[in-house]
file work27.txt (compact mmCIF, C-alpha atoms and all ligand atoms)
# COMPACT_ATOMS: atom_id res chain seq x y z
CA MET A 1 -8.68 -6.93 13.76
CA ILE A 2 -11.06 -8.62 11.31
CA ARG A 3 -13.86 -10.30 13.24
CA PRO A 4 -16.30 -13.06 12.25
CA ILE A 5 -19.79 -11.98 11.12
CA ILE A 6 -22.70 -12.81 13.43
CA HIS A 7 -25.68 -14.45 11.74
CA ASP A 8 -27.76 -15.39 14.83
CA PRO A 9 -31.14 -13.61 14.40
CA LEU A 10 -31.87 -13.78 18.15
CA PHE A 11 -28.64 -11.98 19.06
CA LEU A 12 -29.15 -9.48 16.23
CA ALA A 13 -32.67 -8.72 17.54
CA LEU A 14 -31.27 -7.33 20.80
CA PRO A 15 -30.91 -3.53 20.94
CA SER A 16 -27.43 -2.11 21.43
CA GLU A 17 -26.24 0.14 24.25
CA ALA A 18 -24.69 3.60 24.04
CA ALA A 19 -21.00 3.50 23.10
CA GLY A 20 -18.26 5.44 24.89
CA GLU A 21 -14.54 6.15 24.76
CA GLY A 22 -13.78 2.67 26.10
CA ASP A 23 -15.08 1.24 22.83
CA ARG A 24 -12.30 2.46 20.53
CA GLN A 25 -11.15 -1.08 19.78
CA ILE A 26 -14.64 -1.96 18.56
CA ILE A 27 -14.48 0.98 16.12
CA THR A 28 -11.13 -0.28 14.79
CA ASP A 29 -12.35 -3.87 14.48
CA LEU A 30 -15.61 -2.81 12.82
CA ARG A 31 -13.74 -0.74 10.23
CA ASP A 32 -11.25 -3.57 9.61
CA THR A 33 -14.09 -6.06 9.18
CA LEU A 34 -15.99 -3.79 6.77
CA MET A 35 -12.84 -3.29 4.69
CA ALA A 36 -12.31 -7.06 4.58
CA ASN A 37 -15.88 -7.50 3.26
CA ARG A 38 -16.05 -4.45 1.00
CA ASP A 39 -16.65 -6.50 -2.14
CA ARG A 40 -20.06 -7.55 -0.75
CA CYS A 41 -20.92 -5.11 2.03
CA VAL A 42 -21.35 -1.32 2.21
CA GLY A 43 -21.94 -0.87 5.92
CA MET A 44 -21.90 -2.64 9.27
CA ALA A 45 -23.15 -2.18 12.80
CA ALA A 46 -21.16 -3.34 15.83
CA ASN A 47 -23.61 -6.09 16.74
CA MET A 48 -22.73 -7.79 13.46
CA ILE A 49 -19.32 -8.52 15.01
CA GLY A 50 -20.85 -9.48 18.35
CA GLU A 51 -20.59 -6.11 20.13
CA ARG A 52 -23.88 -4.64 21.35
CA LYS A 53 -22.74 -1.01 21.11
CA ARG A 54 -24.27 1.75 19.03
CA ILE A 55 -21.49 2.10 16.49
CA ILE A 56 -21.84 1.93 12.72
CA VAL A 57 -19.37 2.21 9.86
CA PHE A 58 -20.26 2.58 6.19
CA PHE A 59 -18.89 3.72 2.87
CA ASN A 60 -19.58 7.38 2.23
CA GLY A 61 -17.86 7.46 -1.13
CA PRO A 62 -14.57 5.50 -1.19
CA PHE A 63 -13.79 5.86 2.52
CA PRO A 64 -15.39 4.26 5.56
CA MET A 65 -17.19 6.70 7.84
CA VAL A 66 -17.71 5.98 11.53
CA MET A 67 -20.76 7.09 13.52
CA VAL A 68 -20.93 6.55 17.27
CA ASN A 69 -24.38 6.72 18.88
CA PRO A 70 -26.08 7.84 15.63
CA ARG A 71 -29.58 9.22 15.89
CA ILE A 72 -31.81 10.09 12.96
CA THR A 73 -33.33 13.47 13.79
CA GLY A 74 -35.14 14.23 10.56
CA LYS A 75 -36.39 12.36 7.52
CA SER A 76 -38.35 13.01 4.35
CA GLY A 77 -39.39 11.25 1.17
CA GLU A 78 -40.43 7.72 2.05
CA TYR A 79 -39.91 5.05 -0.62
CA GLU A 80 -39.86 1.28 -0.93
CA THR A 81 -36.69 -0.59 -1.87
CA GLU A 82 -34.92 -3.92 -1.55
CA GLU A 83 -31.86 -4.57 0.56
CA GLY A 84 -29.48 -7.35 1.43
CA CYS A 85 -27.53 -7.80 4.66
CA LEU A 86 -24.21 -9.51 5.32
CA SER A 87 -25.81 -11.19 8.35
CA LEU A 88 -28.79 -12.54 6.38
CA SER A 89 -29.32 -14.34 3.10
CA GLY A 90 -31.25 -12.95 0.16
CA VAL A 91 -32.84 -9.54 -0.35
CA ARG A 92 -35.94 -8.19 1.35
CA LYS A 93 -38.32 -5.30 0.79
CA THR A 94 -38.10 -2.38 3.17
CA LYS A 95 -39.15 1.27 3.45
CA ARG A 96 -36.56 4.03 3.65
CA TRP A 97 -36.39 7.82 3.59
CA LYS A 98 -34.63 9.63 0.74
CA GLU A 99 -33.19 12.37 2.94
CA ILE A 100 -32.21 12.20 6.58
CA SER A 101 -30.55 14.34 9.22
CA VAL A 102 -28.31 12.52 11.68
CA SER A 103 -26.64 13.54 14.93
CA PHE A 104 -23.74 11.35 16.00
CA GLN A 105 -20.26 11.33 17.49
CA ASP A 106 -17.29 10.85 15.19
CA GLU A 107 -14.53 8.36 15.96
CA ASN A 108 -12.93 10.95 18.27
CA PHE A 109 -16.25 11.24 20.15
CA GLN A 110 -16.90 14.77 18.92
CA MET A 111 -20.56 15.64 18.39
CA ARG A 112 -21.49 16.04 14.72
CA LYS A 113 -24.56 16.63 12.64
CA GLY A 114 -25.00 15.74 9.02
CA SER A 115 -27.52 15.53 6.22
CA PHE A 116 -27.45 12.58 3.87
CA SER A 117 -29.43 11.56 0.83
CA GLY A 118 -29.59 8.68 -1.61
CA PHE A 119 -27.43 5.61 -1.07
CA PRO A 120 -25.46 6.79 2.01
CA ALA A 121 -28.76 7.75 3.67
CA GLN A 122 -30.13 4.29 2.92
CA ILE A 123 -27.08 2.57 4.44
CA ILE A 124 -27.24 4.75 7.57
CA GLN A 125 -30.90 3.82 8.08
CA HIS A 126 -30.12 0.11 7.66
CA GLU A 127 -27.26 0.26 10.17
CA CYS A 128 -29.21 2.40 12.68
CA ASP A 129 -31.92 -0.27 12.52
CA HIS A 130 -29.27 -2.85 13.47
CA CYS A 131 -28.47 -0.74 16.57
CA ASP A 132 -32.15 -1.04 17.54
CA GLY A 133 -32.21 -4.79 16.91
CA ILE A 134 -34.25 -4.38 13.74
CA LEU A 135 -33.44 -6.54 10.74
CA ILE A 136 -34.75 -5.97 7.23
ZN ZN B 201 -27.51 -5.50 7.77
call {"tool": "encode", "arguments": {"input": "work27.txt", "output": "structure tokens"}}
result
Amino acid sequence: MIRPIIHDPLFLALPSEAAGEGDRQIITDLRDTLMANRDRCVGMAANMIGERKRIIVFFNGPFPMVMVNPRITGKSGEYETEEGCLSLSGVRKTKRWKEISVSFQDENFQMRKGSFSGFPAQIIQHECDHCDGILI
């Protein structure tokens, strides 16, 4: 189900809680909402649809990829860039890492590890920040 986007900075500043198997509907809704906004958005965290759970979904190539309880375990190559956010207006400067390692659960709650670089790595960092209540 496509859900409305939350813009309230006070709600978005609250950290999210660990997600579990009872949160499958949130995963579905988050993916549906990202697909509905794909012309202007490359990734979303669950709090952007009002759910304070650590779930993100983003485009890794043409298909949306789900990460449940993502955790960045390694990073290298800091750089400065500008980003926008569907929940905010305008673009803002931020610092990111070129390469990251991430541990997460997939949408079937299986533990995974992955390495990402470039644009997907940037999106993952932006969405993981959302899980911690951090806005750009
Ligand atoms: Zn954002």
call {"tool": "closest_residue", "arguments": {"input": "work27.txt", "among": "A:Glu83, A:Glu51, A:Asp132, A:Glu17", "to": "ligand ZN 201 (chain B)", "atoms": "all atoms listed in the file"}}
result
A:Glu83
call {"tool": "residues_around", "arguments": {"input": "work27.txt", "residues": "Pro9 (chain A)", "least_positions_apart": "6", "cutoff": "10 Å", "atoms": "all atoms listed in the file", "output": "PyMOL selection string"}}
result
chain A and resi 87-88+133-135
call {"tool": "atom_distance", "arguments": {"input": "work27.txt", "atom1": "CA of Ile100 (chain A)", "atom2": "CA of Arg24 (chain A)"}}
result
26.2 Å
call {"tool": "closest_atom_pairs", "arguments": {"input": "work27.txt", "of": "chain A", "to": "ligand ZN 201 (chain B)", "cutoff": "9 Å", "atoms": "all atoms listed in the file", "output": "JSON lines"}}
result
{"residue": "A:Cys41", "atom": "CA", "partner": "B:ZN201", "partner_atom": "ZN", "distance": 8.7}
{"residue": "A:Gly43", "atom": "CA", "partner": "B:ZN201", "partner_atom": "ZN", "distance": 7.5}
{"residue": "A:Met44", "atom": "CA", "partner": "B:ZN201", "partner_atom": "ZN", "distance": 6.5}
{"residue": "A:Ala45", "atom": "CA", "partner": "B:ZN201", "partner_atom": "ZN", "distance": 7.4}
{"residue": "A:Met48", "atom": "CA", "partner": "B:ZN201", "partner_atom": "ZN", "distance": 7.8}
{"residue": "A:Glu83", "atom": "CA", "partner": "B:ZN201", "partner_atom": "ZN", "distance": 8.5}
{"residue": "A:Gly84", "atom": "CA", "partner": "B:ZN201", "partner_atom": "ZN", "distance": 6.9}
{"residue": "A:Cys85", "atom": "CA", "partner": "B:ZN201", "partner_atom": "ZN", "distance": 3.9}
{"residue": "A:Leu86", "atom": "CA", "partner": "B:ZN201", "partner_atom": "ZN", "distance": 5.7}
{"residue": "A:Ser87", "atom": "CA", "partner": "B:ZN201", "partner_atom": "ZN", "distance": 6.0}
{"residue": "A:Leu88", "atom": "CA", "partner": "B:ZN201", "partner_atom": "ZN", "distance": 7.3}
{"residue": "A:Ile123", "atom": "CA", "partner": "B:ZN201", "partner_atom": "ZN", "distance": 8.7}
{"residue": "A:His126", "atom": "CA", "partner": "B:ZN201", "partner_atom": "ZN", "distance": 6.2}
{"residue": "A:Glu127", "atom": "CA", "partner": "B:ZN201", "partner_atom": "ZN", "distance": 6.2}
{"residue": "A:Asp129", "atom": "CA", "partner": "B:ZN201", "partner_atom": "ZN", "distance": 8.3}
{"residue": "A:His130", "atom": "CA", "partner": "B:ZN201", "partner_atom": "ZN", "distance": 6.5}
{"residue": "A:Leu135", "atom": "CA", "partner": "B:ZN201", "partner_atom": "ZN", "distance": 6.7}
{"residue": "A:Ile136", "atom": "CA", "partner": "B:ZN201", "partner_atom": "ZN", "distance": 7.3}
call {"tool": "atom_distance", "arguments": {"input": "work27.txt", "atom1": "CA of Phe63 (chain A)", "atom2": "CA of Ile26 (chain A)"}}
result
17.9 Å
call {"tool": "closest_residue", "arguments": {"input": "work27.txt", "among": "A:Thr81, A:Thr73, A:Thr28, A:Thr94", "to": "Ile55 (chain A)", "atoms": "all atoms listed in the file"}}
result
A:Thr28
call {"tool": "residues_around", "arguments": {"input": "work27.txt", "residues": "region 106-112 of chain A", "least_positions_apart": "5", "cutoff": "8 Å", "atoms": "all atoms listed in the file", "output": "ChimeraX atom specification"}}
result
/A:20-21,24,27,66-68
call {"tool": "atom_distance", "arguments": {"input": "work27.txt", "atom1": "CA of Asp8 (chain A)", "atom2": "CA of Ile49 (chain A)"}}
result
10.9 Å
call {"tool": "residues_near_point", "arguments": {"input": "work27.txt", "point": "(-9.1, -7.2, 13.9)", "cutoff": "10 Å", "atoms": "all atoms listed in the file", "output": "JSON list (two decimals) with C-alpha atoms, keeping the file's coordinate frame"}}
result
[["chain", "number", "residue", "atom", "x", "y", "z"],
["A", 1, "MET", "CA", -8.68, -6.93, 13.76],
["A", 2, "ILE", "CA", -11.06, -8.62, 11.31],
["A", 3, "ARG", "CA", -13.86, -10.30, 13.24],
["A", 4, "PRO", "CA", -16.30, -13.06, 12.25],
["A", 25, "GLN", "CA", -11.15, -1.08, 19.78],
["A", 26, "ILE", "CA", -14.64, -1.96, 18.56],
["A", 28, "THR", "CA", -11.13, -0.28, 14.79],
["A", 29, "ASP", "CA", -12.35, -3.87, 14.48],
["A", 30, "LEU", "CA", -15.61, -2.81, 12.82],
["A", 31, "ARG", "CA", -13.74, -0.74, 10.23],
["A", 32, "ASP", "CA", -11.25, -3.57, 9.61],
["A", 33, "THR", "CA", -14.09, -6.06, 9.18],
["A", 36, "ALA", "CA", -12.31, -7.06, 4.58]]
call {"tool": "decode", "arguments": {"input": "work27.txt", "residues": "region 54-78 of chain A", "atoms": "N, CA, C and O atoms", "output": "CSV table (one decimal), in the first residue's frame"}}
result
chain,number,residue,atom,x,y,z
A,54,ARG,N,13.7,-0.1,11.9
A,54,ARG,CA,14.9,0.0,11.1
A,54,ARG,C,14.8,-0.8,9.9
A,54,ARG,O,15.3,-2.0,9.8
A,55,ILE,N,14.1,-0.3,8.9
A,55,ILE,CA,14.0,-0.9,7.6
A,55,ILE,C,14.2,0.2,6.5
A,55,ILE,O,13.7,1.3,6.6
A,56,ILE,N,15.0,-0.2,5.5
A,56,ILE,CA,15.3,0.8,4.4
A,56,ILE,C,15.0,0.0,3.1
A,56,ILE,O,15.2,-1.2,3.0
A,57,VAL,N,14.7,0.8,2.1
A,57,VAL,CA,14.6,0.2,0.7
A,57,VAL,C,15.2,1.3,-0.2
A,57,VAL,O,15.0,2.5,0.0
A,58,PHE,N,15.9,0.8,-1.2
A,58,PHE,CA,16.6,1.7,-2.1
A,58,PHE,C,16.8,1.0,-3.5
A,58,PHE,O,16.8,-0.2,-3.5
A,59,PHE,N,17.1,1.8,-4.5
A,59,PHE,CA,17.4,1.3,-5.8
A,59,PHE,C,18.8,0.9,-5.9
A,59,PHE,O,19.7,1.7,-5.7
A,60,ASN,N,19.1,-0.4,-6.1
A,60,ASN,CA,20.4,-0.9,-6.3
A,60,ASN,C,20.4,-1.4,-7.8
A,60,ASN,O,20.0,-2.5,-8.1
A,61,GLY,N,20.6,-0.4,-8.7
A,61,GLY,CA,20.3,-0.7,-10.1
A,61,GLY,C,18.8,-0.5,-10.3
A,61,GLY,O,18.2,0.3,-9.6
A,62,PRO,N,18.1,-1.3,-11.2
A,62,PRO,CA,16.7,-1.0,-11.5
A,62,PRO,C,15.7,-1.5,-10.5
A,62,PRO,O,14.6,-1.1,-10.5
A,63,PHE,N,16.2,-2.3,-9.5
A,63,PHE,CA,15.3,-3.0,-8.6
A,63,PHE,C,15.4,-2.5,-7.2
A,63,PHE,O,16.5,-2.3,-6.7
A,64,PRO,N,14.3,-2.4,-6.5
A,64,PRO,CA,14.4,-2.0,-5.1
A,64,PRO,C,15.0,-3.1,-4.2
A,64,PRO,O,14.6,-4.3,-4.3
A,65,MET,N,15.9,-2.7,-3.3
A,65,MET,CA,16.6,-3.7,-2.4
A,65,MET,C,16.1,-3.3,-1.0
A,65,MET,O,16.2,-2.1,-0.6
A,66,VAL,N,15.8,-4.3,-0.2
A,66,VAL,CA,15.3,-4.1,1.1
A,66,VAL,C,16.5,-4.5,2.1
A,66,VAL,O,17.1,-5.5,1.9
A,67,MET,N,16.7,-3.7,3.1
A,67,MET,CA,17.6,-4.0,4.2
A,67,MET,C,16.8,-3.8,5.5
A,67,MET,O,16.3,-2.8,5.8
A,68,VAL,N,16.8,-4.9,6.3
A,68,VAL,CA,16.2,-4.9,7.7
A,68,VAL,C,17.3,-4.8,8.7
A,68,VAL,O,18.3,-5.6,8.6
A,69,ASN,N,17.2,-3.9,9.6
A,69,ASN,CA,18.2,-3.7,10.6
A,69,ASN,C,19.6,-3.5,10.1
A,69,ASN,O,20.6,-4.2,10.5
A,70,PRO,N,19.8,-2.6,9.1
A,70,PRO,CA,21.1,-2.5,8.5
A,70,PRO,C,22.1,-1.8,9.5
A,70,PRO,O,21.7,-1.0,10.3
A,71,ARG,N,23.3,-2.3,9.4
A,71,ARG,CA,24.4,-1.7,10.2
A,71,ARG,C,25.7,-1.6,9.4
A,71,ARG,O,26.1,-2.5,8.7
A,72,ILE,N,26.2,-0.4,9.3
A,72,ILE,CA,27.4,-0.1,8.6
A,72,ILE,C,28.6,-0.6,9.4
A,72,ILE,O,28.8,0.0,10.5
A,73,THR,N,29.3,-1.5,8.9
A,73,THR,CA,30.4,-2.2,9.7
A,73,THR,C,31.8,-1.7,9.3
A,73,THR,O,32.8,-2.0,10.0
A,74,GLY,N,31.9,-1.1,8.1
A,74,GLY,CA,33.2,-0.6,7.7
A,74,GLY,C,32.9,0.5,6.7
A,74,GLY,O,31.9,0.6,6.0
A,75,LYS,N,33.9,1.4,6.6
A,75,LYS,CA,33.8,2.6,5.7
A,75,LYS,C,35.1,3.1,5.4
A,75,LYS,O,36.1,3.1,6.2
A,76,SER,N,35.3,3.6,4.1
A,76,SER,CA,36.5,4.3,3.7
A,76,SER,C,36.3,5.3,2.7
A,76,SER,O,35.3,5.2,1.9
A,77,GLY,N,37.2,6.3,2.6
A,77,GLY,CA,37.1,7.3,1.6
A,77,GLY,C,36.1,8.4,1.8
A,77,GLY,O,35.1,8.5,1.0
A,78,GLU,N,36.3,9.2,2.8
A,78,GLU,CA,35.3,10.2,3.1
A,78,GLU,C,35.3,11.3,2.0
A,78,GLU,O,36.4,11.7,1.5
